[in-house]
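Enquirer: As input, take entry-v7.pdb (PDB, C-alpha atoms):
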```
MODEL        1
ATOM      1  CA  MET A   1     124.484 231.709 277.921
ATOM      2  CA  GLU A   2     126.923 234.390 279.068
ATOM      3  CA  SER A   3     126.175 237.917 277.907
ATOM      4  CA  GLU A   4     128.370 239.488 275.241
ATOM      5  CA  ILE A   5     129.802 243.005 275.430
ATOM      6  CA  TYR A   6     131.116 244.706 272.283
ATOM      7  CA  PHE A   7     132.783 248.090 271.992
ATOM      8  CA  ILE A   8     131.925 250.212 268.958
ATOM      9  CA  SER A   9     134.381 252.770 267.640
ATOM     10  CA  GLY A  10     135.173 254.265 264.260
ATOM     11  CA  ILE A  11     137.561 256.201 262.083
ATOM     12  CA  ASP A  12     136.575 259.581 263.535
ATOM     13  CA  THR A  13     133.850 261.609 265.194
ATOM     14  CA  ASP A  14     131.732 261.748 262.032
ATOM     15  CA  ALA A  15     131.961 258.084 261.041
ATOM     16  CA  GLY A  16     128.333 257.447 261.981
ATOM     17  CA  LYS A  17     128.949 255.329 265.093
ATOM     18  CA  SER A  18     125.620 256.120 266.730
ATOM     19  CA  TYR A  19     123.705 255.408 263.526
ATOM     20  CA  CYS A  20     125.579 252.129 262.983
ATOM     21  CA  THR A  21     125.313 251.104 266.635
ATOM     22  CA  ALA A  22     121.532 251.418 266.461
ATOM     23  CA  TRP A  23     121.371 249.621 263.110
ATOM     24  CA  TYR A  24     123.470 246.747 264.429
ATOM     25  CA  ALA A  25     121.307 246.503 267.548
ATOM     26  CA  CYS A  26     118.261 246.133 265.280
ATOM     27  CA  GLN A  27     119.946 243.284 263.384
ATOM     28  CA  LEU A  28     120.745 241.432 266.601
ATOM     29  CA  ASN A  29     117.271 242.037 267.990
ATOM     30  CA  GLY A  30     115.944 240.461 264.825
ATOM     31  CA  SER A  31     117.805 237.287 265.722
ATOM     32  CA  LYS A  32     115.782 237.097 268.950
ATOM     33  CA  ARG A  33     118.636 238.265 271.160
ATOM     34  CA  ARG A  34     117.927 240.895 273.779
ATOM     35  CA  VAL A  35     120.204 243.819 272.945
ATOM     36  CA  ILE A  36     120.834 247.166 274.595
ATOM     37  CA  THR A  37     123.166 250.003 273.693
ATOM     38  CA  GLN A  38     125.265 252.159 275.989
ATOM     39  CA  LYS A  39     127.093 255.455 275.402
ATOM     40  CA  PHE A  40     129.868 255.056 277.923
ATOM     41  CA  ILE A  41     130.912 258.720 277.812
ATOM     42  CA  GLN A  42     128.732 261.417 276.259
ATOM     43  CA  THR A  43     130.044 264.929 275.727
ATOM     44  CA  GLY A  44     128.189 268.029 274.628
ATOM     45  CA  ASN A  45     125.028 267.210 276.593
ATOM     46  CA  THR A  46     123.489 267.829 280.000
ATOM     47  CA  GLY A  47     121.246 265.318 281.715
ATOM     48  CA  HIS A  48     120.793 263.040 278.725
ATOM     49  CA  SER A  49     122.681 261.487 275.812
ATOM     50  CA  GLU A  50     121.737 262.586 272.307
ATOM     51  CA  ASP A  51     123.373 259.417 270.972
ATOM     52  CA  ILE A  52     121.109 257.242 273.113
ATOM     53  CA  ASP A  53     118.189 259.335 271.828
ATOM     54  CA  LEU A  54     119.184 258.378 268.277
ATOM     55  CA  HIS A  55     119.667 254.722 269.225
ATOM     56  CA  ARG A  56     116.166 254.460 270.643
ATOM     57  CA  ARG A  57     114.591 256.309 267.716
ATOM     58  CA  ILE A  58     116.141 253.936 265.182
ATOM     59  CA  MET A  59     115.509 250.887 267.361
ATOM     60  CA  GLY A  60     111.882 251.989 267.778
ATOM     61  CA  THR A  61     111.851 251.273 271.502
ATOM     62  CA  GLY A  62     111.440 254.700 273.047
ATOM     63  CA  TYR A  63     113.345 255.301 276.259
ATOM     64  CA  LEU A  64     114.028 252.122 278.214
ATOM     65  CA  PRO A  65     114.027 251.691 282.009
ATOM     66  CA  GLU A  66     117.824 251.425 281.878
ATOM     67  CA  ASP A  67     117.962 254.832 280.178
ATOM     68  CA  HIS A  68     115.962 256.411 282.990
ATOM     69  CA  GLU A  69     118.270 254.713 285.504
ATOM     70  CA  GLY A  70     121.319 256.226 283.829
ATOM     71  CA  LEU A  71     122.863 252.835 283.097
ATOM     72  CA  THR A  72     123.103 253.511 279.371
ATOM     73  CA  MET A  73     124.653 256.970 279.791
ATOM     74  CA  PRO A  74     126.748 256.733 282.955
ATOM     75  CA  GLU A  75     129.025 259.697 282.263
ATOM     76  CA  ILE A  76     127.787 262.910 280.616
ATOM     77  CA  PHE A  77     129.835 266.082 280.189
ATOM     78  CA  SER A  78     128.577 269.424 278.973
ATOM     79  CA  TYR A  79     131.209 270.572 276.479
ATOM     80  CA  PRO A  80     131.284 268.973 272.974
ATOM     81  CA  CYS A  81     134.897 267.813 272.828
ATOM     82  CA  SER A  82     137.101 264.840 273.643
ATOM     83  CA  PRO A  83     136.425 263.289 277.062
ATOM     84  CA  HIS A  84     139.726 264.348 278.628
ATOM     85  CA  LEU A  85     139.009 268.015 277.880
ATOM     86  CA  ALA A  86     135.304 267.763 278.705
ATOM     87  CA  ALA A  87     136.173 266.343 282.135
ATOM     88  CA  ARG A  88     138.640 269.180 282.722
ATOM     89  CA  ILE A  89     136.089 271.821 281.706
ATOM     90  CA  ASP A  90     133.403 270.347 283.983
ATOM     91  CA  LYS A  91     135.994 270.021 286.773
ATOM     92  CA  ARG A  92     135.368 266.364 287.534
ATOM     93  CA  ALA A  93     137.199 263.205 286.585
ATOM     94  CA  ILE A  94     135.638 260.430 284.526
ATOM     95  CA  ASP A  95     134.335 257.773 286.914
ATOM     96  CA  PHE A  96     135.520 254.594 285.210
ATOM     97  CA  ASP A  97     134.226 252.434 288.063
ATOM     98  CA  LYS A  98     130.736 253.862 287.534
ATOM     99  CA  ILE A  99     130.943 253.047 283.826
ATOM    100  CA  GLU A 100     132.094 249.506 284.586
ATOM    101  CA  ARG A 101     129.273 248.912 287.076
ATOM    102  CA  ALA A 102     126.698 250.201 284.581
ATOM    103  CA  THR A 103     128.030 248.011 281.760
ATOM    104  CA  LYS A 104     128.040 244.925 283.972
ATOM    105  CA  GLU A 105     124.482 245.590 285.130
ATOM    106  CA  LEU A 106     123.324 245.911 281.517
ATOM    107  CA  ALA A 107     125.098 242.630 280.731
ATOM    108  CA  ARG A 108     123.240 241.018 283.621
ATOM    109  CA  ARG A 109     119.899 242.055 282.132
ATOM    110  CA  TYR A 110     120.552 241.612 278.393
ATOM    111  CA  ASP A 111     122.132 239.084 276.037
ATOM    112  CA  VAL A 112     124.252 241.674 274.214
ATOM    113  CA  VAL A 113     125.548 245.098 275.223
ATOM    114  CA  LEU A 114     126.866 247.435 272.519
ATOM    115  CA  VAL A 115     129.092 250.076 274.114
ATOM    116  CA  GLU A 116     129.537 253.090 271.858
ATOM    117  CA  GLY A 117     132.729 255.092 272.275
ATOM    118  CA  ALA A 118     133.314 258.820 271.875
ATOM    119  CA  GLY A 119     135.101 259.745 268.663
ATOM    120  CA  GLY A 120     137.797 257.495 267.238
ATOM    121  CA  LEU A 121     140.054 254.917 268.846
ATOM    122  CA  MET A 122     142.877 257.320 269.672
ATOM    123  CA  VAL A 123     140.665 259.862 271.439
ATOM    124  CA  PRO A 124     142.071 260.582 274.924
ATOM    125  CA  LEU A 125     139.918 259.767 277.938
ATOM    126  CA  THR A 126     142.530 261.188 280.315
ATOM    127  CA  GLU A 127     145.894 262.814 279.677
ATOM    128  CA  ASP A 128     147.577 259.407 279.372
ATOM    129  CA  PHE A 129     144.746 256.933 278.675
ATOM    130  CA  LEU A 130     143.216 256.554 275.206
ATOM    131  CA  THR A 131     139.941 254.983 274.124
ATOM    132  CA  ILE A 132     141.886 252.134 272.515
ATOM    133  CA  ASP A 133     143.632 251.523 275.850
ATOM    134  CA  TYR A 134     140.227 251.175 277.499
ATOM    135  CA  VAL A 135     139.113 248.622 274.896
ATOM    136  CA  ALA A 136     142.325 246.640 275.298
ATOM    137  CA  GLU A 137     142.122 246.741 279.091
ATOM    138  CA  LYS A 138     138.537 245.446 279.141
ATOM    139  CA  LYS A 139     139.311 242.897 276.412
ATOM    140  CA  TYR A 140     136.105 243.842 274.595
ATOM    141  CA  PRO A 141     135.728 242.568 271.017
ATOM    142  CA  LEU A 142     135.653 245.595 268.737
ATOM    143  CA  ILE A 143     133.081 246.584 266.141
ATOM    144  CA  PHE A 144     134.642 249.230 263.921
ATOM    145  CA  VAL A 145     132.756 251.777 261.807
ATOM    146  CA  THR A 146     134.153 253.176 258.578
ATOM    147  CA  SER A 147     132.691 254.692 255.420
ATOM    148  CA  GLY A 148     133.338 255.614 251.813
ATOM    149  CA  LYS A 149     134.177 259.270 252.259
ATOM    150  CA  LEU A 150     137.504 260.588 251.004
ATOM    151  CA  GLY A 151     140.252 259.694 253.480
ATOM    152  CA  SER A 152     138.514 256.639 254.918
ATOM    153  CA  ILE A 153     141.095 254.166 253.622
ATOM    154  CA  ASN A 154     143.902 256.025 255.371
ATOM    155  CA  HIS A 155     141.991 256.386 258.648
ATOM    156  CA  THR A 156     140.828 252.772 258.535
ATOM    157  CA  LEU A 157     144.245 251.260 257.912
ATOM    158  CA  LEU A 158     145.887 253.391 260.603
ATOM    159  CA  SER A 159     143.214 252.223 263.049
ATOM    160  CA  LEU A 160     143.688 248.593 262.031
ATOM    161  CA  GLU A 161     147.428 248.900 262.692
ATOM    162  CA  ALA A 162     146.682 250.221 266.183
ATOM    163  CA  ILE A 163     144.141 247.447 266.789
ATOM    164  CA  ARG A 164     146.652 244.791 265.789
ATOM    165  CA  SER A 165     149.436 246.297 267.927
ATOM    166  CA  ARG A 166     147.243 245.995 271.032
ATOM    167  CA  SER A 167     145.960 242.500 270.196
ATOM    168  CA  ILE A 168     142.334 243.644 270.179
ATOM    169  CA  ALA A 169     139.843 241.199 268.684
ATOM    170  CA  LEU A 170     138.297 242.878 265.643
ATOM    171  CA  HIS A 171     134.866 241.269 265.498
ATOM    172  CA  THR A 172     133.168 243.247 262.708
ATOM    173  CA  VAL A 173     133.761 246.168 260.385
ATOM    174  CA  LEU A 174     130.600 248.123 259.588
ATOM    175  CA  TYR A 175     130.736 250.015 256.291
ATOM    176  CA  ASN A 176     128.402 252.976 256.620
ATOM    177  CA  LEU A 177     126.595 254.109 253.455
ATOM    178  CA  TYR A 178     124.799 256.983 255.212
ATOM    179  CA  PRO A 179     124.520 259.712 254.063
ATOM    180  CA  THR A 180     123.827 258.772 250.456
ATOM    181  CA  VAL A 181     126.147 260.244 247.826
ATOM    182  CA  GLU A 182     125.358 260.612 244.128
ATOM    183  CA  ASP A 183     128.881 259.872 242.884
ATOM    184  CA  LYS A 184     129.747 256.462 244.312
ATOM    185  CA  THR A 185     133.179 256.161 242.657
ATOM    186  CA  ILE A 186     135.166 256.654 245.870
ATOM    187  CA  GLN A 187     132.605 254.874 248.038
ATOM    188  CA  ASP A 188     132.593 251.703 245.927
ATOM    189  CA  ASP A 189     136.370 251.561 245.528
ATOM    190  CA  THR A 190     136.942 252.179 249.236
ATOM    191  CA  MET A 191     134.547 249.386 250.116
ATOM    192  CA  GLN A 192     136.352 246.896 247.901
ATOM    193  CA  TYR A 193     139.777 247.997 249.093
ATOM    194  CA  ILE A 194     138.876 247.597 252.776
ATOM    195  CA  ARG A 195     137.206 244.253 252.100
ATOM    196  CA  ASN A 196     140.342 242.982 250.369
ATOM    197  CA  TYR A 197     142.567 244.308 253.146
ATOM    198  CA  LEU A 198     140.498 242.573 255.815
ATOM    199  CA  ALA A 199     140.482 239.303 253.883
ATOM    200  CA  LYS A 200     144.269 239.383 253.795
ATOM    201  CA  HIS A 201     145.125 240.747 257.244
ATOM    202  CA  PHE A 202     142.000 240.074 259.390
ATOM    203  CA  PRO A 203     140.415 236.988 257.794
ATOM    204  CA  GLU A 204     138.265 236.220 260.850
ATOM    205  CA  THR A 205     136.655 239.661 260.879
ATOM    206  CA  ARG A 206     133.140 240.106 259.540
ATOM    207  CA  PHE A 207     132.310 242.852 257.061
ATOM    208  CA  GLU A 208     128.790 244.270 256.969
ATOM    209  CA  ILE A 209     127.297 247.074 254.926
ATOM    210  CA  VAL A 210     125.068 249.518 256.820
ATOM    211  CA  PRO A 211     122.407 250.900 254.468
ATOM    212  CA  GLU A 212     120.629 254.219 254.719
ATOM    213  CA  ILE A 213     117.681 254.052 257.075
ATOM    214  CA  LYS A 214     114.928 256.344 255.869
ATOM    215  CA  ASP A 215     113.593 258.792 258.465
ATOM    216  CA  ALA A 216     116.415 257.912 260.896
ATOM    217  CA  PHE A 217     117.008 261.561 261.782
TER
ENDMDL
END
```
With the file now loaded, output its structure as C-alpha cells.

Expert:
Amino acid sequence: MESEIYFISGIDTDAGKSYCTAWYACQLNGSKRRVITQKFIQTGNTGHSEDIDLHRRIMGTGYLPEDHEGLTMPEIFSYPCSPHLAARIDKRAIDFDKIERATKELARRYDVVLVEGAGGLMVPLTEDFLTIDYVAEKKYPLIFVTSGKLGSINHTLLSLEAIRSRSIALHTVLYNLYPTVEDKTIQDDTMQYIRNYLAKHFPETRFEIVPEIKDAF
C-alpha cells in the first residue's frame, strides 16, 4: 500500500495544531498503521523542534531515529515568527528541496506522514509563497484544526473559502477542545455551526472532536 502524506494546518498560531497532530497520530497508530509526524518548518528554536517534542510526549514514543536524523524537523529557524521573516533574520533561505526529501524518506519508512505547518494557511513562507500555496503545489490532503474560542467561526470559514479556491482536498476538520473552558456556550455553538457548514459545503470531509489529554503538557 502506498504511503499517505497529510498536511496539518489551522485557523491560527494558537489553534493547537501540535496537540491535535499528536492526538491524530495516536488514533492512526491505534488502527495498526505506522505513523510519524513532521514539523516541516520550525521557528523559535535552535537545534530541535519543540513541536516534535510535544508530539513524541503525547505519542509516548520518546525521540525516534528519524528525529535524531533531522528528517522530522528539516528546517529550524531561531526567531519565533512567520517563516519568511525567520529566514530573513537567520540570513538563509528555506530549503524546500531538503523538506521534500525528508518528507519522502519518512513516507518510504512509514504508512502515514502527518506534516504540521507553521501558523495558519495564509502564513508566508517567502515574500510571495504562502503555506496554502505549498499545500496546493504538493497536492497534500489537508487536515484542518479549529476550536471553540471566540472568532473561530470567522477564521474557519475564511480558511475554507481559501481551501476551496485552490481546490485543496479537505480530508478532516479537527475540533480542538483543549484547553477546557467552564462556559461552553460559544464552544458548543461553534462546533454545531461548523459541523452544519461542512455538511452543506464539504460533505466528504470528516469532522472529529479532539478531547483534552490529561498531562499532555

Enquirer: Could the residues of range 81-141 of chain A that have an atom at most 10 Å from range 53-67 of chain A be listed as a tab-separated table, each with its closest atom pair and the distance in Å to one decimal, counting all atoms listed in the file and ordered by chain and ascending residue number?

Expert:
```
residue	atom	partner	partner_atom	distance
A:Ala102	CA	A:Glu66	CA	9.4
A:Glu105	CA	A:Glu66	CA	9.4
A:Leu106	CA	A:Glu66	CA	7.8
A:Arg109	CA	A:Glu66	CA	9.6
```

Enquirer: The PyMOL selection byres ((chain A and resi 45) around 10) - which residues does that actually catch in the file I just gave you? List them as a ChimeraX atom specification.

Expert: /A:42-44,46-51,76-80

Enquirer: Using only C-alpha atoms, can you tell me which of A:Ile186, A:Leu121, A:Ala86, A:Leu130 comes closest to Gly151 in chain A?

Expert: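 Residue with the minimum atom-to-atom distance to Gly151 in chain A: A:Ile186.
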
Enquirer: Tell me which of A:Leu125, A:Ile8, A:Ala25, A:Val173 sits closest to Ala199 in chain A, counting only C-alpha atoms.

Expert: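 Of A:Leu125, A:Ile8, A:Ala25, A:Val173, the one nearest Ala199 in chain A is A:Val173, counting only C-alpha atoms.
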
Enquirer: Apply the PyMOL selection byres ((chain A and resi 166) around 10) to the displayed file and report the matching residues as a VMD selection string.

Expert: chain A and resid 132 to 133 135 to 137 161 to 165 167 to 169

Enquirer: Which of these, A:Phe202, A:Tyr197, A:Ile94, A:Leu170, has the shortest distance to Pro124 in chain A once you count only C-alpha atoms?

Expert: A:Ile94

Enquirer: With the PyMOL selection byres ((chain A and resi 16) around 9) as the selection, what would be picked from this file? Answer as a compact mmCIF listing (two decimals) with C-alpha atoms, in the coordinates of the input, please.

Expert:
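result_24.txt written:
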```txt
# COMPACT_ATOMS: atom_id res chain seq x y z
CA GLY A 10 135.17 254.26 264.26
CA ASP A 12 136.57 259.58 263.54
CA THR A 13 133.85 261.61 265.19
CA ASP A 14 131.73 261.75 262.03
CA ALA A 15 131.96 258.08 261.04
CA LYS A 17 128.95 255.33 265.09
CA SER A 18 125.62 256.12 266.73
CA TYR A 19 123.70 255.41 263.53
CA CYS A 20 125.58 252.13 262.98
CA THR A 21 125.31 251.10 266.64
CA VAL A 145 132.76 251.78 261.81
CA THR A 146 134.15 253.18 258.58
CA SER A 147 132.69 254.69 255.42
CA ASN A 176 128.40 252.98 256.62
CA TYR A 178 124.80 256.98 255.21
```

Enquirer: Between CA of Lys104 in chain A and CA of His68 in chain A, what is the distance, to one decimal in Å?

Expert: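 So the answer is 16.7 Å.
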
Enquirer: Name the residues in contact with Ile194 in chain A at a cut-off of 9 Å, using all atoms listed in the file, excluding same-chain residues fewer than 4 positions from it; report them as a ChimeraX atom specification.

Expert: /A:153,156-157,189-190,198-199
